[in-house]
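*Asks:* The structure follows.
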Amino acid sequence: MITSFLAKALGRNIVITVAILLALAALVPALNLLTAPDHPLHVPTYIVSLFGKYLTYALLALALDLVWGFCGILSLGHAAFFALGGYAMGMYLMRQIGARGSYGNPLLPDFMVFLNWKELPWFWQGFDMFWFAALMAVLVPGLLAFVFGWFAFRSRVNGVYLSIITQAMTFALLLAFFRNDMGFGGNNGLTDFKDILGFNIQSNGTRSALFAASAIALALSLVVTSGIVRSKYGKILVGVRDAESRTRFLGYRVEHMKLFAFVVSAMMAGVAGALYVPQVGIINPGEFEPANSIEVVIWTAVGGRGTLIGPIVGAILVNGGKSVFTAAFPEFWLFALGGLFVLVTLFLPRGIVGTARQFFERRKEYRKAKAVEEARAFAAAEPQAAE
Amino acid sequence: MNTLVSNAKPSSILYLDGVSVSFDGFKALNALSFVIEPGELRAIIGPNGAGKTTMMDIITGKTRPDSGEVFFKGTIDLTQKDEAEIAQLGIGRKFQKPTVFESHTVWDNLELALNRKRGVFSTLFYRLTAGDKARIEEILSTVRLMNRKDDLAANLSHGQKQWLEIGMLLAQEPELLLVDEPVAGMTDAETAETAILLKEIAKTRSVVVVEHDMGFIRDLGVKVTCLAEGSVLAEGSIDFVSADQKVIENYLGR
Ligand SMILES: Nc1ncnc2c1ncn2[C@@H]1O[C@H](COP(=O)(O)OP(=O)(O)O)[C@@H](O)[C@H]1O
Ligand SMILES: [Mg+2]
């Protein structure tokens, strides 16, 4: 059962991408840790962390592609699942600080001492254990997606209305997390992390390990999503995207189909957020900004919606571009991003990977047609040669 | 209400009695009653806007009636069920506009339609068995699409899409098949072949066909129900119905 699922998952392009990711997971840390800083192949630690961050964005875009590209659910709230995963990890990292905070309280994070709180709120219990925090980074986004999706998909909220309520969801969370009395550090969020699993969070070794973990998580998620979309279930998802009522009249429970994809996608976004936070060193309510979720849609569209690999490419390219661009013209990034989205929508509706795929398929068909024609011409010429 | 109709209820495959539904005050169906017997092939005719498609929406759970009874196999109350449940009970539906999964191959369209477990996890781990493969191949030859099996449904001609959709309904193995205007937009040759195909299909199940094409209805040679303004105008053989004064006024004469 599982083996046939995996066998289907591993198409050629997926195998190549997974191989590249795993190679990077080994190579980049090696070049960072085993070479001297003046070595020509040395990868500086800030680059390791920068690309580690891009990989978590790529995982978020991949998660969005599962629901948007394959099921037509244009979620404009996926950054919320990412941020929740990030907060779960941030809570663990806060508890790891222990008595090393400015106030020296062994149990309470600084912001709680500052707010004059006397004891740890119930929802902060257990976050001193890594496994618990890791579990919550997946379960909390999954649960939110389940509850949200249960109501939205049962009431058959579709299209632009669904997109709007996903924006409302992330906006509501933004406002909630801004409040100090929510107990998540308010405006400032969670930061000043010291270590993770006992390792200094700033050290080169930890940074490299986080990069490798991000690459491996992305590779695994790619295999899982590929298995999902190539299964019969995945074909039904595409059916829902293209002809929802036909799927219903064939006897499929469309709301269950959507719900499963939405929950899996939210969990993947949560993993991405949990890997993102230790690499950037902070999580604050800004991550819930509605604009963040819209950016994820742009990465996915640029790379190619419904291609799995496209969103990964798109997230890395657009964010790489953003890093370069904002260094040069910080005020103009949003205009550039908006312009990019318009250009892609108009001239490259399948995105980079989708367009490349189309090109190769056309060329294959052309060659096939040409081969048939040549064979025919040859067959026609044959009898004359025999005379 | 209609005693003739209610006596037929226990032995019928489909039973509608006094079904009414309005949209914004407009009565699309007005006390519609009729009965389909098991194994019957029935043609339904009527002018545009008579409520033929709305009737199918009611039977398949897409629209809830304001009043009236709809029973499947005499005892199953269809007004209490949704589309997926009704499809699983064994009622298949062909839409007026051909609706297939355009970005899937012909084969995949049939595989998805196959009457197998339809849950998330059973479809996630589904494997094509030899039996399922044989069944799909059988349907492919019935609907004459064997040589197109690996093509995307989007690349089929209009008539071929109609057949693919009929094939998908066969894969669903319904006991009752509702077919909305199957020959609209087909060539004469395709229309004639479709009549043969439907008669073939009706040998093993009940079929309700909505159609405008009188030639096609004559080809079918079955009992005809004429709808107008949401209720039954006349019922009987095609010659009987087309001789009916009200039918001539409301439909044929227009
Ligand atoms: N969902 C709906 N909302 C409003 N009006 C509808 C709806 N469905 C059908 N109608 C109206 O009901 C009438 C019957 O339509 P329909 O059943 O499609 O007719 P037919 O299939 O016989 O041509 C039409 O006047 C149509 O405009
Ligand atoms: Mg109609």
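Chain labels A, B, ... are given in the sequence in which chains occur in the structure tokens; within each chain residues are numbered consecutively from 1, and ligands are likewise numbered from 1 in the order shown.
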Could you list, as a list in words, all protein and nucleic acid residues with an atom at most 10 Å from ligand 2, counting only C-alpha atoms and all ligand atoms?

*Replies:* Gly46, Pro47, Asn48, Gly49, Ala50, Gly51, Lys52, Thr53, Thr54, Met55, Met56, Phe95, Gln96, Lys97, Asp180, Glu181, Val210, Glu211 and His212 of chain B

*Asks:* For region 189-204 of chain A, find every residue with an atom within 6 Å (counting only C-alpha atoms), except residues of its own chain fewer than 3 positions away, and show them as a VMD selection string.

*Replies:* chain A and resid 93 97 185 to 186 207 282 to 284

*Asks:* Can you write just those residues out, all heavy atoms, as an mmCIF file, in the first residue's frame?

*Replies:*
```
data_model
loop_
_atom_site.group_PDB
_atom_site.id
_atom_site.type_symbol
_atom_site.label_atom_id
_atom_site.label_comp_id
_atom_site.auth_asym_id
_atom_site.auth_seq_id
_atom_site.Cartn_x
_atom_site.Cartn_y
_atom_site.Cartn_z
ATOM 1 N N LEU A 93 11.738 27.771 22.022
ATOM 2 C CA LEU A 93 13.012 28.498 22.101
ATOM 3 C C LEU A 93 13.006 29.483 23.273
ATOM 4 O O LEU A 93 14.023 29.671 23.938
ATOM 5 C CB LEU A 93 13.288 29.218 20.777
ATOM 6 C CG LEU A 93 13.482 28.285 19.573
ATOM 7 C CD1 LEU A 93 13.540 29.081 18.273
ATOM 8 C CD2 LEU A 93 14.738 27.439 19.730
ATOM 9 N N ILE A 97 15.498 29.546 27.010
ATOM 10 C CA ILE A 97 16.322 30.636 27.543
ATOM 11 C C ILE A 97 16.498 30.466 29.045
ATOM 12 O O ILE A 97 17.578 30.680 29.588
ATOM 13 C CB ILE A 97 15.680 32.007 27.221
ATOM 14 C CG1 ILE A 97 15.594 32.193 25.703
ATOM 15 C CG2 ILE A 97 16.480 33.143 27.848
ATOM 16 C CD1 ILE A 97 14.809 33.425 25.281
ATOM 17 N N GLY A 185 3.728 37.553 23.697
ATOM 18 C CA GLY A 185 4.730 38.597 23.524
ATOM 19 C C GLY A 185 4.248 39.820 22.772
ATOM 20 O O GLY A 185 5.044 40.705 22.471
ATOM 21 N N GLY A 186 2.952 39.864 22.429
ATOM 22 C CA GLY A 186 2.375 41.046 21.786
ATOM 23 C C GLY A 186 3.134 41.470 20.546
ATOM 24 O O GLY A 186 3.629 40.641 19.777
ATOM 25 N N ARG A 207 23.417 26.429 12.571
ATOM 26 C CA ARG A 207 22.882 27.031 11.340
ATOM 27 C C ARG A 207 22.902 26.039 10.187
ATOM 28 O O ARG A 207 21.941 25.911 9.428
ATOM 29 C CB ARG A 207 23.705 28.269 10.967
ATOM 30 C CG ARG A 207 23.581 29.398 11.971
ATOM 31 C CD ARG A 207 22.201 29.958 11.858
ATOM 32 N NE ARG A 207 21.863 30.803 12.973
ATOM 33 C CZ ARG A 207 21.179 31.934 12.841
ATOM 34 N NH1 ARG A 207 20.791 32.337 11.658
ATOM 35 N NH2 ARG A 207 20.866 32.634 13.889
ATOM 36 N N ILE A 282 13.468 35.245 15.180
ATOM 37 C CA ILE A 282 12.348 36.014 15.753
ATOM 38 C C ILE A 282 11.038 35.552 15.127
ATOM 39 O O ILE A 282 11.010 35.099 13.974
ATOM 40 C CB ILE A 282 12.537 37.531 15.516
ATOM 41 C CG1 ILE A 282 11.384 38.331 16.154
ATOM 42 C CG2 ILE A 282 12.611 37.853 14.027
ATOM 43 C CD1 ILE A 282 11.641 39.821 16.233
ATOM 44 N N ILE A 283 9.951 35.627 15.896
ATOM 45 C CA ILE A 283 8.605 35.473 15.328
ATOM 46 C C ILE A 283 7.733 36.542 15.986
ATOM 47 O O ILE A 283 7.713 36.673 17.208
ATOM 48 C CB ILE A 283 8.042 34.046 15.547
ATOM 49 C CG1 ILE A 283 6.569 33.951 15.124
ATOM 50 C CG2 ILE A 283 8.151 33.579 16.996
ATOM 51 C CD1 ILE A 283 6.362 33.738 13.670
ATOM 52 N N ASN A 284 7.089 37.344 15.162
ATOM 53 C CA ASN A 284 6.169 38.340 15.716
ATOM 54 C C ASN A 284 4.886 38.394 14.897
ATOM 55 O O ASN A 284 4.785 37.731 13.856
ATOM 56 C CB ASN A 284 6.852 39.709 15.842
ATOM 57 C CG ASN A 284 7.273 40.263 14.503
ATOM 58 O OD1 ASN A 284 6.633 39.983 13.488
ATOM 59 N ND2 ASN A 284 8.348 41.024 14.492
#
```

*Asks:* Considering only C-alpha atoms and all ligand atoms, state which residue in the set B:Val70, B:Ile45, B:Val19, B:Leu14 is at the smallest distance from ligand 1.

*Replies:*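 Nearest to ligand 1: B:Ile45.
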
*Asks:* When you look at Ala80 (chain A) with a cut-off of 12 Å (counting only C-alpha atoms), what residues show up, excluding the ones that are within fewer than 5 positions of it in the same chain? I need them as a PyMOL selection string.

*Replies:* chain A and resi 60+64+75+85-87+137+140-142+144-145+166-177+265-267+269-270+272-273+284-294+296

*Asks:* Using only C-alpha atoms, I'd like every residue of chain A that has an atom within 7 Å of chain B; please write them out as JSON, numbers by chain.

*Replies:* {"A": [1, 5, 228, 231, 232, 233, 236, 239, 242, 243, 246, 248, 249, 250, 251, 252, 253, 257]}

*Asks:* Leaving out region 236-249 of chain B and any residue of its chain fewer than 2 positions from it, which residues lie within 8 Å of it when counting only C-alpha atoms, given as a list in words?

*Replies:*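 In the requested format, the answer is Ile217, Arg218, Gly221, Val222, Lys223, Val224, Thr225, Cys226, Leu233, Ala234, Tyr251, Leu252, Gly253 and Arg254 of chain B.
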
*Asks:* Next, write the just-selected residues to a file, as an mmCIF file, in the first residue's frame, keeping C-alpha atoms as the atom set.

*Replies:*
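Printed below is selection.cif as written:
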```cif
data_model
loop_
_atom_site.group_PDB
_atom_site.id
_atom_site.type_symbol
_atom_site.label_atom_id
_atom_site.label_comp_id
_atom_site.auth_asym_id
_atom_site.auth_seq_id
_atom_site.Cartn_x
_atom_site.Cartn_y
_atom_site.Cartn_z
ATOM 1 C CA ILE B 217 -37.304 10.337 -29.669
ATOM 2 C CA ARG B 218 -38.906 8.409 -32.495
ATOM 3 C CA GLY B 221 -39.589 4.310 -29.628
ATOM 4 C CA VAL B 222 -40.547 4.461 -25.965
ATOM 5 C CA LYS B 223 -43.134 6.036 -23.690
ATOM 6 C CA VAL B 224 -42.965 9.820 -23.739
ATOM 7 C CA THR B 225 -43.808 12.368 -21.066
ATOM 8 C CA CYS B 226 -44.361 15.935 -22.176
ATOM 9 C CA LEU B 233 -49.047 17.813 -20.068
ATOM 10 C CA ALA B 234 -49.424 14.385 -21.618
ATOM 11 C CA TYR B 251 -44.727 22.749 -27.614
ATOM 12 C CA LEU B 252 -44.947 21.328 -31.094
ATOM 13 C CA GLY B 253 -46.942 24.183 -32.522
ATOM 14 C CA ARG B 254 -44.521 26.838 -31.324
#
```

*Asks:* Could you find all residues in region 19-240 of chain B that DSSP calls helix (DSSP H, G or I) from the backbone, and write them as a ChimeraX atom specification?

*Replies:* /B:52-59,78-80,83-89,106-113,120-124,130-142,146-148,153-155,158-171,188-201,214-220,238-240
